[in-house]
file query_12.cif (mmCIF, C-alpha atoms)
data_work
loop_
_atom_site.label_atom_id
_atom_site.label_comp_id
_atom_site.auth_asym_id
_atom_site.auth_seq_id
_atom_site.Cartn_x
_atom_site.Cartn_y
_atom_site.Cartn_z
CA ASN J 139 9.98 13.13 -12.70
CA ALA J 140 11.28 9.71 -11.71
CA GLY J 141 8.71 9.45 -8.90
CA VAL J 142 9.72 7.08 -6.12
CA THR J 143 12.85 5.04 -6.74
CA GLN J 144 14.14 2.13 -4.70
CA THR J 145 17.45 0.30 -4.77
CA PRO J 146 18.38 -2.47 -4.91
CA LYS J 147 15.59 -4.35 -6.68
CA PHE J 148 16.73 -7.71 -5.34
CA GLN J 149 18.96 -8.63 -2.40
CA VAL J 150 20.05 -11.83 -0.68
CA LEU J 151 21.52 -11.59 2.81
CA LYS J 152 22.82 -14.04 5.35
CA THR J 153 21.44 -14.05 8.86
CA GLY J 154 23.14 -11.37 10.94
CA GLN J 155 24.23 -9.17 8.05
CA SER J 156 23.18 -5.55 7.90
CA MET J 157 22.15 -3.49 4.92
CA THR J 158 20.37 -0.32 3.86
CA LEU J 159 17.45 -0.16 1.46
CA GLN J 160 17.47 3.12 -0.40
CA CYS J 161 14.38 5.19 -1.23
CA ALA J 162 14.26 8.55 -2.97
CA GLN J 163 11.48 10.74 -4.34
CA ASP J 164 11.72 13.83 -6.54
CA MET J 165 8.20 15.19 -5.99
CA ASN J 166 9.01 17.31 -2.89
CA HIS J 167 6.66 15.17 -0.82
CA GLU J 168 6.57 15.66 2.95
CA TYR J 169 5.24 12.23 3.90
CA MET J 170 7.28 9.08 3.28
CA SER J 171 6.83 5.58 4.58
CA TRP J 172 8.14 2.04 4.42
CA TYR J 173 5.94 -1.05 4.15
CA ARG J 174 6.63 -4.74 3.99
CA GLN J 175 4.41 -7.07 2.00
CA ASP J 176 4.18 -10.76 2.82
CA PRO J 177 1.89 -13.31 1.13
CA GLY J 178 -1.65 -13.02 2.48
CA MET J 179 -0.69 -10.19 4.85
CA GLY J 180 -1.26 -7.08 2.77
CA LEU J 181 0.95 -4.07 3.40
CA ARG J 182 2.21 -3.48 6.92
CA LEU J 183 3.70 -0.15 7.94
CA ILE J 184 7.25 -0.29 9.31
CA HIS J 185 8.25 3.36 9.80
CA TYR J 186 7.08 6.68 8.47
CA SER J 187 8.21 10.31 8.30
CA VAL J 188 6.20 13.51 8.10
CA GLY J 189 9.18 15.63 7.12
CA ALA J 190 12.95 15.97 7.28
CA GLY J 191 14.23 15.17 10.75
CA ILE J 192 10.94 13.57 11.90
CA THR J 193 10.32 9.83 11.97
CA ASP J 194 7.97 7.52 13.84
CA GLN J 195 7.24 3.83 14.21
CA GLY J 196 4.54 1.98 12.38
CA GLU J 197 2.96 -1.39 13.02
CA VAL J 198 6.09 -3.59 12.67
CA PRO J 199 9.20 -1.50 13.49
CA ASN J 200 11.35 -4.07 15.31
CA GLY J 201 14.66 -4.80 13.59
CA TYR J 202 14.52 -1.72 11.38
CA ASN J 203 15.87 1.82 11.68
CA VAL J 204 15.14 4.90 9.58
CA SER J 205 16.35 8.46 9.29
CA ARG J 206 15.21 11.44 7.22
CA SER J 207 18.01 13.94 6.78
CA THR J 208 16.58 15.38 3.55
CA THR J 209 13.11 15.70 2.05
CA GLU J 210 14.11 13.46 -0.85
CA ASP J 211 15.65 10.42 0.87
CA PHE J 212 14.29 7.93 3.38
CA PRO J 213 16.61 4.92 3.83
CA LEU J 214 15.60 1.81 5.75
CA ARG J 215 18.30 0.00 7.67
CA LEU J 216 18.24 -3.64 8.71
CA LEU J 217 20.55 -3.90 11.69
CA SER J 218 20.97 -7.68 11.90
CA ALA J 219 18.99 -9.51 9.25
CA ALA J 220 16.81 -12.44 10.23
CA PRO J 221 14.92 -14.97 8.04
CA SER J 222 11.66 -13.42 9.33
CA GLN J 223 12.61 -10.25 7.45
CA THR J 224 12.39 -12.02 4.11
CA SER J 225 9.77 -9.94 2.33
CA VAL J 226 9.08 -7.39 -0.36
CA TYR J 227 9.70 -3.85 0.86
CA PHE J 228 7.90 -0.83 -0.57
CA CYS J 229 8.64 2.82 -0.04
CA ALA J 230 5.83 5.33 -0.56
CA SER J 231 5.43 9.08 -0.50
CA SER J 232 2.59 11.58 -0.55
CA TYR J 233 2.36 15.35 -0.72
CA SER J 234 1.09 16.49 2.64
CA ARG J 235 1.40 14.95 6.08
CA THR J 236 -1.80 16.61 7.21
CA ARG J 237 -3.84 15.30 4.31
CA ALA J 238 -2.08 12.01 3.66
CA SER J 239 -5.28 10.10 4.37
CA THR J 240 -6.80 11.45 1.17
CA ASP J 241 -3.65 12.21 -0.74
CA THR J 242 -2.37 9.81 -3.35
CA GLN J 243 0.42 7.61 -2.04
CA TYR J 244 3.01 6.93 -4.71
CA PHE J 245 4.79 3.62 -4.28
CA GLY J 246 8.21 2.59 -5.49
CA PRO J 247 8.76 -0.65 -7.44
CA GLY J 248 9.84 -2.57 -4.34
CA THR J 249 12.92 -4.41 -3.07
CA ARG J 250 12.72 -8.17 -2.85
CA LEU J 251 14.80 -9.29 0.11
CA THR J 252 15.71 -12.85 1.02
CA VAL J 253 17.48 -13.62 4.28
CA LEU J 254 19.10 -17.05 4.44
CA THR U 970 -5.22 -1.05 15.14
CA GLN U 971 -8.18 -0.68 12.82
CA LEU U 972 -8.70 -3.85 10.81
CA LEU U 973 -9.89 -4.00 7.23
CA GLU U 974 -11.20 -7.35 6.05
CA GLN U 975 -11.23 -7.95 2.31
CA SER U 976 -13.22 -10.65 0.58
CA PRO U 977 -12.87 -12.77 -1.33
CA GLN U 978 -9.14 -13.42 -0.90
CA PHE U 979 -8.86 -14.99 -4.35
CA LEU U 980 -11.01 -14.68 -7.44
CA SER U 981 -10.52 -16.46 -10.78
CA ILE U 982 -13.01 -15.59 -13.51
CA GLN U 983 -13.46 -15.60 -17.26
CA GLU U 984 -13.24 -12.52 -19.43
CA GLY U 985 -16.60 -10.73 -19.62
CA GLU U 986 -17.83 -11.73 -16.17
CA ASN U 987 -18.79 -9.22 -13.48
CA LEU U 988 -17.34 -9.27 -9.99
CA THR U 989 -17.50 -7.46 -6.66
CA VAL U 990 -14.78 -7.16 -4.05
CA TYR U 991 -15.60 -6.13 -0.50
CA CYS U 992 -13.71 -4.23 2.18
CA ASN U 993 -15.27 -4.29 5.66
CA SER U 994 -14.41 -3.02 9.11
CA SER U 995 -15.99 -2.46 12.50
CA SER U 996 -14.27 0.93 12.62
CA VAL U 997 -15.29 4.19 11.00
CA PHE U 998 -12.92 5.62 8.42
CA SER U 999 -12.63 9.23 7.35
CA SER U 1000 -11.60 8.09 3.89
CA LEU U 1001 -10.96 4.91 2.01
CA GLN U 1002 -8.75 4.24 -0.96
CA TRP U 1003 -8.53 1.40 -3.46
CA TYR U 1004 -5.22 0.42 -5.05
CA ARG U 1005 -4.33 -2.09 -7.77
CA GLN U 1006 -1.00 -3.85 -7.73
CA GLU U 1007 0.36 -5.74 -10.71
CA PRO U 1008 2.96 -8.50 -10.26
CA GLY U 1009 6.44 -7.13 -9.57
CA GLU U 1010 5.25 -3.57 -9.11
CA GLY U 1011 4.10 -1.25 -6.37
CA PRO U 1012 0.42 -0.45 -5.73
CA VAL U 1013 -1.20 2.29 -7.80
CA LEU U 1014 -4.09 4.38 -6.49
CA LEU U 1015 -7.41 3.86 -8.27
CA VAL U 1016 -9.77 6.01 -6.21
CA THR U 1017 -10.35 7.81 -2.90
CA VAL U 1018 -13.82 8.00 -1.33
CA VAL U 1019 -14.51 10.31 1.60
CA THR U 1020 -18.30 10.72 1.96
CA GLY U 1021 -20.65 8.05 3.33
CA GLY U 1022 -22.74 6.66 0.48
CA GLU U 1023 -20.39 8.05 -2.15
CA VAL U 1024 -20.22 6.25 -5.49
CA LYS U 1025 -17.39 6.81 -7.95
CA LYS U 1026 -16.99 5.32 -11.40
CA LEU U 1027 -13.77 4.76 -13.28
CA LYS U 1028 -14.64 3.29 -16.69
CA ARG U 1029 -15.79 -0.28 -15.90
CA LEU U 1030 -14.97 0.03 -12.18
CA THR U 1031 -17.56 1.27 -9.67
CA PHE U 1032 -16.53 2.11 -6.11
CA GLN U 1033 -18.94 2.62 -3.24
CA PHE U 1034 -18.33 3.86 0.32
CA GLY U 1035 -20.83 2.61 2.86
CA ASP U 1036 -23.26 5.03 4.47
CA ALA U 1037 -21.65 4.48 7.88
CA ARG U 1038 -18.14 4.73 6.40
CA LYS U 1039 -17.22 1.29 7.70
CA ASP U 1040 -17.19 -0.60 4.42
CA SER U 1041 -16.60 -0.25 0.72
CA SER U 1042 -17.03 -2.26 -2.44
CA LEU U 1043 -15.41 -2.41 -5.84
CA HIS U 1044 -17.48 -3.71 -8.74
CA ILE U 1045 -15.94 -4.53 -12.10
CA THR U 1046 -18.21 -4.90 -15.11
CA ALA U 1047 -17.18 -7.14 -18.01
CA ALA U 1048 -13.77 -7.98 -16.59
CA GLN U 1049 -10.79 -8.06 -18.96
CA PRO U 1050 -7.41 -9.82 -18.62
CA GLY U 1051 -5.87 -6.40 -18.03
CA ASP U 1052 -7.83 -6.18 -14.76
CA THR U 1053 -5.72 -9.00 -13.34
CA GLY U 1054 -3.89 -7.97 -10.19
CA LEU U 1055 -4.06 -7.54 -6.43
CA TYR U 1056 -6.72 -5.10 -5.24
CA LEU U 1057 -6.03 -3.45 -1.91
CA CYS U 1058 -8.24 -1.21 0.16
CA ALA U 1059 -6.73 1.25 2.63
CA GLY U 1060 -8.59 3.24 5.25
CA ALA U 1061 -7.60 6.28 7.25
CA GLY U 1062 -9.02 6.69 10.72
CA PRO U 1063 -11.42 9.31 12.05
CA GLY U 1064 -10.10 12.63 13.20
CA GLY U 1065 -7.91 13.05 10.17
CA SER U 1066 -5.39 10.40 11.13
CA TYR U 1067 -3.09 10.10 8.18
CA ILE U 1068 -1.77 6.65 8.91
CA PRO U 1069 -3.58 4.33 6.50
CA THR U 1070 -4.45 0.74 7.34
CA PHE U 1071 -4.33 -1.71 4.45
CA GLY U 1072 -6.47 -4.76 3.95
CA ARG U 1073 -4.84 -8.05 2.96
CA GLY U 1074 -5.96 -7.73 -0.63
CA THR U 1075 -8.02 -9.63 -3.19
CA SER U 1076 -6.05 -11.42 -5.88
CA LEU U 1077 -7.96 -11.34 -9.17
CA ILE U 1078 -7.16 -13.40 -12.25
CA VAL U 1079 -9.17 -12.82 -15.40
CA HIS U 1080 -8.75 -15.57 -17.97
CA PRO U 1081 -9.09 -14.74 -21.68
#

call {"tool": "encode", "arguments": {"input": "query_12.cif", "output": "structure tokens"}}
result
Amino acid sequence: NAGVTQTPKFQVLKTGQSMTLQCAQDMNHEYMSWYRQDPGMGLRLIHYSVGAGITDQGEVPNGYNVSRSTTEDFPLRLLSAAPSQTSVYFCASSYSRTRASTDTQYFGPGTRLTVL
Amino acid sequence: TQLLEQSPQFLSIQEGENLTVYCNSSSVFSSLQWYRQEPGEGPVLLVTVVTGGEVKKLKRLTFQFGDARKDSSLHITAAQPGDTGLYLCAGAGPGGSYIPTFGRGTSLIVHP
């Protein structure tokens, strides 16, 4: 199993550009989520999904869109990049949406995004 | 939003020393997890505690969940350079809420 994979690993954007961060998992996990990590801020939840076709907002959803057309994939779209979106983005998955509070969350290696 | 306060924010110690990291909240959590994150990588789960007063040991690491399920601690005995990393606690709310809240983390450096 590859676990949780994320692409790209690094990305530089100009203000106003759009892009999609890819996330895939091969563990047949129901629950997937996106976090951003900024220095001194810990991990903040952007969006999450409890299964294919179901998504919901987290703590900091503004400026980001998600969709979940398959169990495996959970892409994060930046509609119009802003310097405030410079961050490290992590995708995570866990087995069961009803037990995710005690389930192990498996994190991807992260995407380091810089918006100029 | 349930807040988790971690302390200290930074810790720099010598190999062989003991240390304790704290995770505190005014809210009750149904479970609490500790993760370790190494530079350039995603967090990796160390332990999950679910019962008030629970103590779990993982080699030189000892995790404790407070009796009231509002706080937790991580104690490392005889720290080694390989323990270097960011330690994050994450709590899930009462009622089985599966949306975890992460603390801001404790950055630990263990010097050889």

call {"tool": "residues_around", "arguments": {"input": "query_12.cif", "residues": "Gln175 (chain J)", "least_positions_apart": "4", "cutoff": "6 Å", "atoms": "only C-alpha atoms", "output": "PyMOL selection string"}}
result
chain J and resi 180-181+226

call {"tool": "resolve_selection", "arguments": {"input": "query_12.cif", "expression": "the PyMOL selection byres ((chain J) within 9 of (chain U))", "output": "PyMOL selection string"}}
result
chain J and resi 177-183+186+196-197+228-230+235-248

call {"tool": "residues_around", "arguments": {"input": "query_12.cif", "residues": "His167 (chain J)", "least_positions_apart": "3", "cutoff": "7 Å", "atoms": "all atoms listed in the file", "output": "number ranges by chain"}}
result
J: 231-234

call {"tool": "closest_residue", "arguments": {"input": "query_12.cif", "among": "U:Gly1035, U:Pro977, U:Arg1029, U:Val1079", "to": "Val990 (chain U)", "atoms": "all atoms listed in the file"}}
result
U:Pro977

call {"tool": "closest_residue", "arguments": {"input": "query_12.cif", "among": "U:Glu1023, U:Asp1052, U:Glu1007, U:Asp1040", "to": "Asn993 (chain U)", "atoms": "all atoms listed in the file"}}
result
U:Asp1040

call {"tool": "closest_residue", "arguments": {"input": "query_12.cif", "among": "U:Gln1033, U:Ser1042, U:Gln1049, U:Ser996", "to": "Leu972 (chain U)", "atoms": "all atoms listed in the file"}}
result
U:Ser996

call {"tool": "atom_distance", "arguments": {"input": "query_12.cif", "atom1": "CA of Gln144 (chain J)", "atom2": "CA of Phe979 (chain U)"}}
result
28.7 Å

call {"tool": "resolve_selection", "arguments": {"input": "query_12.cif", "expression": "the PyMOL selection byres ((chain J and resi 160) around 10)", "output": "ChimeraX atom specification"}}
result
/J:143-147,157-159,161-162,211-215,229,249

call {"tool": "resolve_selection", "arguments": {"input": "query_12.cif", "expression": "the PyMOL selection byres ((chain J and resi 254) around 7)", "output": "VMD selection string"}}
result
chain J and resid 151 to 153 221 252 to 253

call {"tool": "write_last_selection", "arguments": {"input": "query_12.cif", "atoms": "C-alpha atoms", "output": "PDB file, in the frame of the given file"}}
result
ATOM      1  CA  LEU J 151      21.520 -11.590   2.810  1.00  0.00           C
ATOM      2  CA  LYS J 152      22.820 -14.040   5.350  1.00  0.00           C
ATOM      3  CA  THR J 153      21.440 -14.050   8.860  1.00  0.00           C
ATOM      4  CA  PRO J 221      14.920 -14.970   8.040  1.00  0.00           C
ATOM      5  CA  THR J 252      15.710 -12.850   1.020  1.00  0.00           C
ATOM      6  CA  VAL J 253      17.480 -13.620   4.280  1.00  0.00           C
TER       7      VAL J 253
END

call {"tool": "atom_distance", "arguments": {"input": "query_12.cif", "atom1": "CA of Ser207 (chain J)", "atom2": "CA of Val142 (chain J)"}}
result
16.8 Å

call {"tool": "atom_distance", "arguments": {"input": "query_12.cif", "atom1": "CA of Pro1050 (chain U)", "atom2": "CA of Val1024 (chain U)"}}
result
24.4 Å

call {"tool": "axis_aligned_box", "arguments": {"input": "query_12.cif", "around": "region 983-1002 of chain U", "padding_each_side": "8 Å", "output": "JSON"}}
result
{"center_x": -13.8, "center_y": -3.2, "center_z": -3.5, "size_x": 26.0, "size_y": 40.8, "size_z": 48.2}

call {"tool": "closest_residue", "arguments": {"input": "query_12.cif", "among": "J:Arg174, J:Asn166, J:Leu251, J:Ala140", "to": "Val198 (chain J)", "atoms": "all atoms listed in the file"}}
result
J:Arg174

call {"tool": "residues_around", "arguments": {"input": "query_12.cif", "residues": "Ile1045 (chain U)", "least_positions_apart": "2", "cutoff": "9 Å", "atoms": "only C-alpha atoms", "output": "mmCIF file with C-alpha atoms, keeping the file's coordinate frame"}}
result
data_model
loop_
_atom_site.group_PDB
_atom_site.id
_atom_site.type_symbol
_atom_site.label_atom_id
_atom_site.label_comp_id
_atom_site.auth_asym_id
_atom_site.auth_seq_id
_atom_site.Cartn_x
_atom_site.Cartn_y
_atom_site.Cartn_z
ATOM 1 C CA GLU U 986 -17.830 -11.730 -16.170
ATOM 2 C CA ASN U 987 -18.790 -9.220 -13.480
ATOM 3 C CA LEU U 988 -17.340 -9.270 -9.990
ATOM 4 C CA THR U 989 -17.500 -7.460 -6.660
ATOM 5 C CA VAL U 990 -14.780 -7.160 -4.050
ATOM 6 C CA ARG U 1029 -15.790 -0.280 -15.900
ATOM 7 C CA LEU U 1030 -14.970 0.030 -12.180
ATOM 8 C CA THR U 1031 -17.560 1.270 -9.670
ATOM 9 C CA PHE U 1032 -16.530 2.110 -6.110
ATOM 10 C CA LEU U 1043 -15.410 -2.410 -5.840
ATOM 11 C CA ALA U 1047 -17.180 -7.140 -18.010
ATOM 12 C CA ALA U 1048 -13.770 -7.980 -16.590
ATOM 13 C CA ASP U 1052 -7.830 -6.180 -14.760
#

call {"tool": "residues_around", "arguments": {"input": "query_12.cif", "residues": "Asp194 (chain J)", "least_positions_apart": "5", "cutoff": "12 Å", "atoms": "all atoms listed in the file", "output": "CSV table (one decimal) with C-alpha atoms, in the frame of the given file"}}
result
chain,number,residue,atom,x,y,z
J,169,TYR,CA,5.2,12.2,3.9
J,170,MET,CA,7.3,9.1,3.3
J,171,SER,CA,6.8,5.6,4.6
J,172,TRP,CA,8.1,2.0,4.4
J,183,LEU,CA,3.7,-0.2,7.9
J,184,ILE,CA,7.2,-0.3,9.3
J,185,HIS,CA,8.2,3.4,9.8
J,186,TYR,CA,7.1,6.7,8.5
J,187,SER,CA,8.2,10.3,8.3
J,188,VAL,CA,6.2,13.5,8.1
J,189,GLY,CA,9.2,15.6,7.1
J,199,PRO,CA,9.2,-1.5,13.5
J,202,TYR,CA,14.5,-1.7,11.4
J,203,ASN,CA,15.9,1.8,11.7
J,204,VAL,CA,15.1,4.9,9.6
J,205,SER,CA,16.4,8.5,9.3
J,206,ARG,CA,15.2,11.4,7.2
U,1068,ILE,CA,-1.8,6.6,8.9
